[in-house]
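> Take this structure first; my questions come after.
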Amino acid sequence: MKLVSIVVPCYNEQEVLPLFYDEIIRVTNDMKSEFPELDFEFLFVNDGSKDRTLEIFRELADKDKRVRYISFSRNFGKESGMYAGLKNSKGDYVVVMDADLQHPPAFLPEMYRYVRNGEYDCATTRRVSRKGESKIRSWFAMKFYQIMNKISQTEIVDGAQDFRFMTRQMVDSILSMSEYNRFSKGIFSWVGFNVKYIEYENVERAAGTTAWSFWGLFKYSLEGIMAFSTAPLAISSLLGVITCIIAFIAIIATVVKTLVFGEDVSGYPTTLCVILLFSGIQLFCTGILGQYLSKTYLETKGRPIYIAKETDEIYRNKKAEASETDAQDNTGDSASE
């Protein structure tokens with residue numbers, strides 16, 4: 001038997017979880033009929049949700065022994081959720097997917113066919129359209145991939161998803177990169193391996209609302225650029241050289257002008273604008289250096305990527321202990337009677 005671990009990071013997904021569970025059970029049951037060698041486990045990760053997500057995990061664990069879950073002590077972010085899922089997965093194959101059904105479970109049989117014969121180590125989906133997204137958000141996403149692929153040696157395919165069907169060897173390689181500041185899209189590409197991209201049209205959420213705001217995606221894109229490229233540091237150095245050349249030329253022009261035409265007391269606005277320009281460039285470059293330094297600072301602290309507060313194992317043990325205590329109490333009551 002080959003075990004497939006399906007990892008599902010969740011944050012406030014109470015509305016869509018029942019729909020996802022019903023769909024994933026339907027698809028995996030069909031897969032077991034087609035591929036009898038497969039067995040499944042469902043590993044949900046609660047990333048500090050504030051709704052009933054954890055309660056739903058408990059309900060699913062009660063009725064399905066294949067359901068496992070990890071609940072964080074607070075919100076650590078999706079990257080931490082994916083890392084925790086991969087680290088605690090037991091499968092020969094591991095699937096990472098979202099609970100909102102924008103990663104259609106119907107693709108799982110096709111993805112497995114590509115991976116099972118050994119030709120590919122990973123099968124993933126790639127969006128060929130961004131239907132349902134605003135034009136501004138789509139434009140920024142497209143530009144991010146273009147910039148990232150120009151300044152980084154790691155190629156990130158435009159529209160590539162976190163929805164992946166991977167071999168254990170590839171998962172272990174990803175886990176070996178235990179960096180605190182994680183950008184999984186870059187990590188997936190950096191580790192290499194043979195990847196099959198399956199193109200599909202964008203699918204809107206089945207229920208609920210996305211937790212990703214435009215500002216959140218922008219910060220995430222900066223995380224990716226700084227994690228896999230040192231080009232911003234080179235840009236800041238280049239800006240420094242250019243401004244020095246401009247300043248040197250301005251000094252020569254000022255000296256020549258003074259010698260030829262005499263002292264000119266006017267020009268205060270120009271001087272002020274130049275000072276503000278160069279000060280802004282200096283602050284910009286200092287900010288870039290500060291961002292890289294902050295990432296280094298966080299890495300050297302060695303903090304854990306996540307902290308688990310509850311797991312399905314802890315929950316089941318507590319239930320078993322409670323049942324045993326109730327049984328002993330009932331036995332004691334019967335004996336006293």
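Residues in the structure tokens are numbered from 1 in each chain, the chains being A, B, ... in the order shown, and ligands are numbered from 1 in the order shown.
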Extract, using only C-alpha atoms, all DNA, RNA and protein residues at most 12 Å from Tyr114 in chain A, discarding same-chain residues fewer than 2 positions from it, and format them as a PyMOL selection string.
chain A and resi 107-112+116-124+164-167+194-198
> Write out as an MDAnalysis selection string which residues come within 6 Å of Leu38 in chain A when counting only C-alpha atoms, dropping same-chain ones fewer than 6 positions away.
chainID A and resid 1:3 32
> Find, counting only C-alpha atoms, the residue in A:Leu101, A:Val96, A:Ile187, A:Met170 that gets nearest to Val16 in chain A.
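Using only C-alpha atoms, the shortest distance to Val16 in chain A belongs to A:Leu101.
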> Using only C-alpha atoms, which residue out of A:Asn46, A:Ala247, A:Ala308, A:Gly287 lies closest to Thr271 in chain A?
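When distances to Thr271 in chain A are compared using only C-alpha atoms, the smallest one comes from A:Ala247.
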> Point out the residue among A:Arg74, A:Val4, A:Tyr69, A:Asp162 with the least atom-to-atom distance to Val115 in chain A, counting only C-alpha atoms.
A:Val4
> Work out how far apart CA of Pro104 in chain A and CA of Glu199 in chain A are and give it in Å to one decimal.
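If I compute the distance from CA of Pro104 in chain A to CA of Glu199 in chain A, I get 12.2 Å.
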> Please indicate the distance in Å from CA of Tyr306 in chain A to CA of Tyr83 in chain A, rounded to one decimal place.
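CA of Tyr306 in chain A sits 8.7 Å away from CA of Tyr83 in chain A.
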